[in-house]
Each structure stands twice: as structure tokens, then as C-alpha cells.
Amino acid sequence: MTSKDDNSKSADLPSAVMRPEGRSSLIWIVPLLAAILVGWIGYRAWHLRGTVITIHLDEGYDLRVGDDVRYRGIAVGTIRSIVLSRDLDGIEIQAALQSNASGLARAGSRFWVVRPQLDVTGVAGLETIVGPRYLAVVPGDGPPSDRFVGLNEPPFVESIEPGDLEITLATSRRGSLRAGAPLLYRQVQVGTILSVGLASDSASVEARVRIHKPFVRLIRPETKFWNAGGIDATFGIRGMSIQTESIESLLAGGVGLATPPFAGEVVRNGHRFMLEEKAETEWLAWEPAIPIGSSLLPVGATVPTPMRAVIGWKEGRWIKSDRSRQGWVLQTKSGLLGPADLFAAGEGAGEGDALLEVEGKSIALKGDHQVYVGGLAVLAEQVSSNIWPASKKRNATSPEDCLVFADPASKPLPLAASRLTEEDGKWRIDSALGIDEVWHGAPVIARADGMLVGLLLVEDDTACVALLSTEKVAGAEK
Amino acid sequence: MGALQCNRRTAAFALAGLLLYPVAVSLPMIRVDQFGHHNDASILEGTATLLSGGHVLVGVVVLLCSIVLPLGKLLSLLTLSAGGWLMRREHRALTYHFVEFTGRWGMLDVLLVAILVAVLKLGDMVEVSAGPAALAFTACVVLSLLASASFDPHSLWSDSDLVTADETSDDK
């Protein structure tokens with residue numbers, strides 16, 4: 001079809017040939033799709049923008065726009081802008097926290113710039129020597145907020161565990177006390193000094209100290225604290241004697257502590273102690289047996305201290321070969337509690353007594369141990385004064401959550417009830433756990449009440465919990 | 001009727017492009033990670049940085065080529081395709097010349113290629129990832145190309161009244 005010549009102006013123009021086309025309204029889907037896309041992108045950008053907070057810092061330490069805000073080792077936000085504050089007394093940082101980290105923006109949150117730091121207590125912020133600086137944060141617990149004042153130094157305790165004990169030490173002069181210095185019990189760190197400052201009446205120096213949860217039971221009203229920093233050198237006719245708590249505290253300063261036997265109940269938060277100038281010899285001789293807890297057991301539960309035992313015997317009629325087996329035994333009132341195979345030589349043992357070595361003692365085994373149902377046995381010997389109380393034993397039937405204690409220096413092995421299956425008086429342990437032979441004989445403590453319920457037995461790569469039983473095996477006595 | 005159809009299509013593409021345009025220039029286009037230090041860059045920010053950094057000539061060129069001219073092109077196409085009721089015919093012709101001109105100078109599409117080349121070249125040293133605007137930007141480029149390609153210049157001299165008259169009389 002051709003267009004008609006109605007208009008005089010378009011009359012001289014050539015007419016176009018037009019082709020009919022399909023449905024035209026479909027094309028409006030394109031702008032609709034674009035609008036949807038814009039909405040989606042806009043929503044995402046708005047969502048990802050997160051919470052914008054402002055932090056005032058005294059010093060920028062070469063922090064730059066685009067650097068991370070990190071918490072627990074991952075980036076949770078980005079620094080948007082850094083400007084000098086209006087009155088020139090610091091800098092103002094604008095940071096955008098990711099939306100899932102907006103919980104960090106609450107009153108009491110502490111921010112500081114992580115930078116390489118090297119001092120006597122250690123090295124920190126090594127990754128920032130080459131990499132960029134970043135802003136670290138410890139969340140507070142106040143109401144949501146968007147303005148913060150940052151710290152110049154990293155706070156000393158980054159995570160406050162529930163169950164820690166906080167006490168105050170008072171002394172006449174500061175000496176080598178400093179925040180971050182350790183509290184040492186037998187030269188093992190049991191706590192940290194949080195802050196040191198003058199008392200409100202300036203009559204003494206006060207240090208706030210946090211005792212870590214497992215060691216809270218060491219602190220009794222009679223506990224003595226002394227300044228353990230520096231060297232105590234005495235010159236005499238026989239030469240010079242030097243005494244120091246540990247190299248670490250020699251450099252960094254620290255507080256030693258000792259608790260006498262029968263020192264009273266465990267103290268509460270805020271208890272005040274006097275900090276002495278130096279330790280008295282008598283204090284160092286104190287050796288109270290204070291069971292320290294494990295964070296996995298209920299409060300007040302005792303942690304067993306099993307002893308490593310090795311049984312050795314000779315095998316073979318003519319050619320003798322030495323054989324041995326190792327495991328853990330626990331001192332109880334009636335004797336050593338352990339796996340039955342630790343108290344008797346294996347089959348095919350030659351003449352001569354099998355020897356059990358435990359706690360530096362050699363015990364000749366005469367087969368007079370008492371074997372109980374389930375593979376446990378008791379040998380009537382007393383080798384340790386650290387006796388597991390009879391009141392902390394009980395019989396168990398159906399599987400429950402347990403902890404296995406072996407080497408006191410290593411962590412206990414948790415056993416979940418779901419990994420245990422009951423099988424003729426024993427709890428078989430899921431082989432997927434892959435329990436090593438080193439756990440053989442280790443005491444098993446119930447998580448619920450801290451009671452001893454049995455021992456862990458590992459034989460031929462299968463592990464089970466042998467439950468305590470009062471039933472003796474008839475005729476097992478050789 | 002054909003010209004109208006074409007223009008309708010052009011209008012749809014141009015409108016879609018215009019919708020995407022603000023997102024494409026204002027949101028982060030690329031995210032550059034270099035030695036753990038990362039930076040988001042949008043087209044607007046980049047231009048502003050250039051201008052405030054004293055690179056006036058380069059800044060103005062970038063501003064014109066990647067922000068002003070593409071926007072002008074899309075707007076012109078939209079108004080042209082909207083028909084005669086918006087503009088007088090002489091103006092429409094002028095506008096069409098402007099579209100032709102911006103098509104040559106608006107470097108939106110070229111910029112995209114340039115960025116892609118840069119991304120490929122930087123490779124291992126710097127990690128570059130696309131920001132939310134990249135998708136919008138790509139769509140915007142494609143829509144702008146489609147809009148100018150589908151525009152039928154015949155509509156400039158065929159009056160919309162005339163077309164309506166055609167439809168009613170001859171189409172049966």
C-alpha cells in the first residue's frame with residue numbers, strides 16, 4: 001500500500017512501501033524486563049550496602065579507602081572514606097558493614113587498626129607487613145549504634161569466655177605490672193592482666209586480672225600473689241644466685257601465684273588480693289591438689305589423671321622375645337583400675353613374671369588382680385596419692401555423651417551418644433571415629449554429671465567403652 | 001503502519017535502555033582486587049575522579065563519550081520514535097542528525113570492549129570481578145544498539161495522522 005497525498009509538504013517526498021508486521025505489543029516486554037532488572041540490581045545494591053558506621057580514631061596508621069573491616073579473621077565490611085575530623089584532633093572513618101555483620105554496629109564495639117607490632121610479649125599483626133592494614137572489631141553488647149571511638153592499641157582480651165573470673169590485685173607500686181602480662185601458677189599461664197592503674201584514692205596501684213575458666217578453682221581467699229617480673233639476684237660468698245619466674249615474665253613482667261592447701265572456697269568475681277613484692281619460700285613449697293576443670297564438664301567436676309602403664313613379658317620357649325603392651329590406668333581406692341589385658345601377660349608368655357611399670361614403679365604381676373565383667377580389672381596396688389573418689393563412679397546402661405581423658409596435657413576426646421551402640425554390656429564406638437590405640441584404658445567420664453562410667457578399650461582397631469561393673473568374672477584369677 | 005511498528009520497537013528499546021542507564025553509570029562497574037586491597041569503581045565515580053584529579057581534558061572526553069552522548073542518543077531516539085506530537089518536523093530532522101552523530105561518537109559500546117580487554121590483560125596480577133552495574137551496562141549497550149538499528153528514518157517524513165488514515169482505509 002502507499003500513503004496518500006493529503007499533506008502538501010510531504011507530497012514531494014517519496015512514499016515508502018510498508019510491510020505489515022506481527023503483534024506489536026509484545027515489544028513492550030523489553031522495557032518491562034529492563035525495569036525488573038533495574039529493580040533487582042537496585043535492591044541487591046541497597047541490600048549489600050549494609051550498615052554504614054562512623055569511627056573516630058586518633059591515628060590512621062596508613063589505613064586506606066577500600067581496606068577491610070575484619071572480625072574473626074574474615075572481612076565483614078569495607079572502609080568507604082577516611083577524612084580528617086573537623087577540629088583536626090583525629091580522623092573519621094566511614095565503613096560499610098555487610099548486612100549480615102550489622103550486629104557488630106552496637107554500642108560498646110571496639111575498633112582498632114591492625115598493624116605490625118613487635119614487643120616483648122610477642123609479635124602481632126604480621127600479615128599487615130606486606131598486606132594492607134585493616135580495621136579489627138570486637139563486638140559490644142549495647143544497643144545498635146553508628147558512631148564509635150576507636151582504640152589506639154588492640155584490646156588485650158579479644159574474646160571473653162563465660163566462666164572466667166575477674167579479680168583485683170592491689171599493690172603499693174606498679175613495678176613491672178602491665179596490661180597483657182601473664183598470671184603464672186607454677187610458671188603456667190592461668191590468667192592475664194587486663195589493666196593497671198591508680199586506685200580511685202590514688203593510695204595504691206590496682207590491676208584488674210582475668211583468670212581463665214579452667215583455672216578458676218586455683219584462686220582461693222588464701223592465695224598469694226607476687227610480682228614475678230624481673231630478676232631477683234643475690235650476691236653472696238658462694239657467688240651469685242639468680243631467680244626468675246620465667247623468661248617470658250622476665251621480659252614482659254607478670255604475677256606469680258600460689259595457693260596453700262585448705263585455702264578456703266573458690267572466690268567470687270571482684271575479690272581483692274594484695275600483690276606482694278616477692279614470693280616467700282614457704283609459698284613456693286605449697287603443693288595443694290586442686291582439680292582443675294575442663295570446659296566440657298559440669299562445674300565442679302573432677303578431671304581424672306590416668307597414669308601410663310606398660311606391661312612387659314617374655315614370650316617363646318627357647319628363643320625369648322620381649323613383648324609389651326601399653327595403656328592407661330586410674331588409681332582408685334581399691335587399687336589400679338585398668339584394662340584386664342594390662343594386668344596379665346598375653347597368651348604364650350614364657351616363665352618369669354610379667355612386669356607392670358607405672359609411675360616409675362615396677363610391679364611384678366602374680367595374677368592376683370580382680371577381673372570384672374566387661375574387660376576391666378583392678379590390681380590392688382597404690383602407686384599414686386591422687387585417688388579417684390569412689391563417690392564419682394556409677395554404673396551406666398544406655399549410651400550417653402562422654403569425655404575420654406588420657407594424657408593430661410592433651411585435650412579430652414568427646415564421645416557423642418549417637419556414636420555409641422550398646423552391645424552385651426559394652427558400648428561399641430563407631431569405627432568412623434578412628435580411635436587410636438593410644439587411648440587404651442583411658443577413663444570415660446559422663447558429660448552430664450562428671451561421673452566415671454567406664455574405660456575406653458582399643459583392641460585390634462575396634463574401640464569400645466567397657467562399663468564399670470561389680471560383677472566379677474568367675475575363675476579369671478590365675 | 002510499518003514505520004509506526006518500527007518506531008514502537010525503537011521506543012521500547014530506548015525506554016528499556018534509559019531505565020537501565022542510571023544503574024549502569026552509578027553502581028560499581030568493576031571491582032579490582034590488588035594485593036588484598038580492593039576498590040569498587042563506577043563510571044560516574046571514575047569520571048569524577050578524573051575531573052577532580054586535574055585531568056580536565058580526558059575527564060571531559062570521558063564524560064561526553066560515556067555519559068552525556070549515550071544518554072542524549074537514547075533520549076533522542078525515544079522522542080523521535082514517540083511520533084510527531086512531541087516535536088516539529090524540522091526539529092526531528094535535526095535530532096536525527098544528532099543521533100547519527102552520537103552514534104559515531106558515543107563510545108558506550110567501545111568502552112565496554114576496552115574494559116573487557118583491560119580485564120583480560122591484567123589477568124594474574126590483579127583480580128577483577130564484575131560489579132552489579134556490569135549486567136545493566138551490557139544490557140544498556142545492547143539496547144542502545146538495537147534501538148538505533150530498529151529506528152526507521154522514514155517515519156521522519158511520514159506523518160502519524162497519515163499512517164492512521166492508511167490503516168483505516170487500505171488495510172482491509
# chains A, B, ... in the order shown; residues from 1 in each chain; ligands from 1

call {"tool": "select_by_dssp", "arguments": {"residues": "region 178-349 of chain A", "states": "strand (DSSP E)", "output": "VMD selection string"}}
result
chain A and resid 182 to 185 188 to 198 205 to 211 224 to 227 232 to 236 239 to 243 255 to 258 272 to 276 307 to 315 321 to 332 335 to 339

call {"tool": "residues_around", "arguments": {"residues": "Lys361 (chain A)", "least_positions_apart": "5", "cutoff": "12 Å", "atoms": "only C-alpha atoms", "output": "list in words"}}
result
Met307, Arg308, Ala309, Val310, Ile311, Leu355, Leu356, Glu381, Gln382, Val383 and Ser384 of chain A

call {"tool": "write_last_selection", "arguments": {"atoms": "C-alpha atoms", "output": "PDB file, in the first residue's frame"}}
result
ATOM      1  CA  MET A 307      48.741 -42.903  84.507  1.00  0.00           C
ATOM      2  CA  ARG A 308      50.575 -44.526  81.647  1.00  0.00           C
ATOM      3  CA  ALA A 309      51.257 -48.185  82.360  1.00  0.00           C
ATOM      4  CA  VAL A 310      53.413 -50.613  80.406  1.00  0.00           C
ATOM      5  CA  ILE A 311      53.267 -54.333  80.891  1.00  0.00           C
ATOM      6  CA  LEU A 355      56.264 -56.656  84.949  1.00  0.00           C
ATOM      7  CA  LEU A 356      53.949 -53.673  85.105  1.00  0.00           C
ATOM      8  CA  GLU A 381      48.378 -51.583  94.328  1.00  0.00           C
ATOM      9  CA  GLN A 382      48.724 -47.980  95.453  1.00  0.00           C
ATOM     10  CA  VAL A 383      51.138 -46.047  93.318  1.00  0.00           C
ATOM     11  CA  SER A 384      49.655 -42.583  93.365  1.00  0.00           C
TER      12      SER A 384
END

call {"tool": "residues_around", "arguments": {"residues": "Asp424 (chain A)", "least_positions_apart": "3", "cutoff": "12 Å", "atoms": "only C-alpha atoms", "output": "PDB file with C-alpha atoms, in the first residue's frame"}}
result
ATOM      1  CA  VAL A 373      32.791 -58.410  83.524  1.00  0.00           C
ATOM      2  CA  GLY A 374      33.422 -56.206  80.534  1.00  0.00           C
ATOM      3  CA  GLY A 375      37.198 -56.432  80.357  1.00  0.00           C
ATOM      4  CA  THR A 397      23.358 -48.586  80.944  1.00  0.00           C
ATOM      5  CA  SER A 398      22.311 -46.786  77.807  1.00  0.00           C
ATOM      6  CA  THR A 421      25.874 -48.618  70.387  1.00  0.00           C
ATOM      7  CA  TRP A 427      29.290 -49.507  74.223  1.00  0.00           C
ATOM      8  CA  ARG A 428      30.766 -50.078  70.821  1.00  0.00           C
ATOM      9  CA  CYS A 464      34.552 -49.789  72.934  1.00  0.00           C
ATOM     10  CA  VAL A 465      33.686 -48.358  76.285  1.00  0.00           C
ATOM     11  CA  ALA A 466      33.912 -51.048  78.958  1.00  0.00           C
ATOM     12  CA  LEU A 467      31.402 -50.087  81.615  1.00  0.00           C
TER      13      LEU A 467
END

call {"tool": "closest_residue", "arguments": {"among": "B:Ala12, B:Leu64, B:Asn7, B:Ser42", "to": "chain A", "atoms": "only C-alpha atoms"}}
result
B:Ala12

call {"tool": "residues_around", "arguments": {"residues": "Tyr21 (chain B)", "least_positions_apart": "5", "cutoff": "10 Å", "atoms": "only C-alpha atoms", "output": "JSON, numbers by chain"}}
result
{"A": [34, 38], "B": [15, 16, 26, 67, 70, 71, 74, 133, 136, 137, 139, 140, 141]}
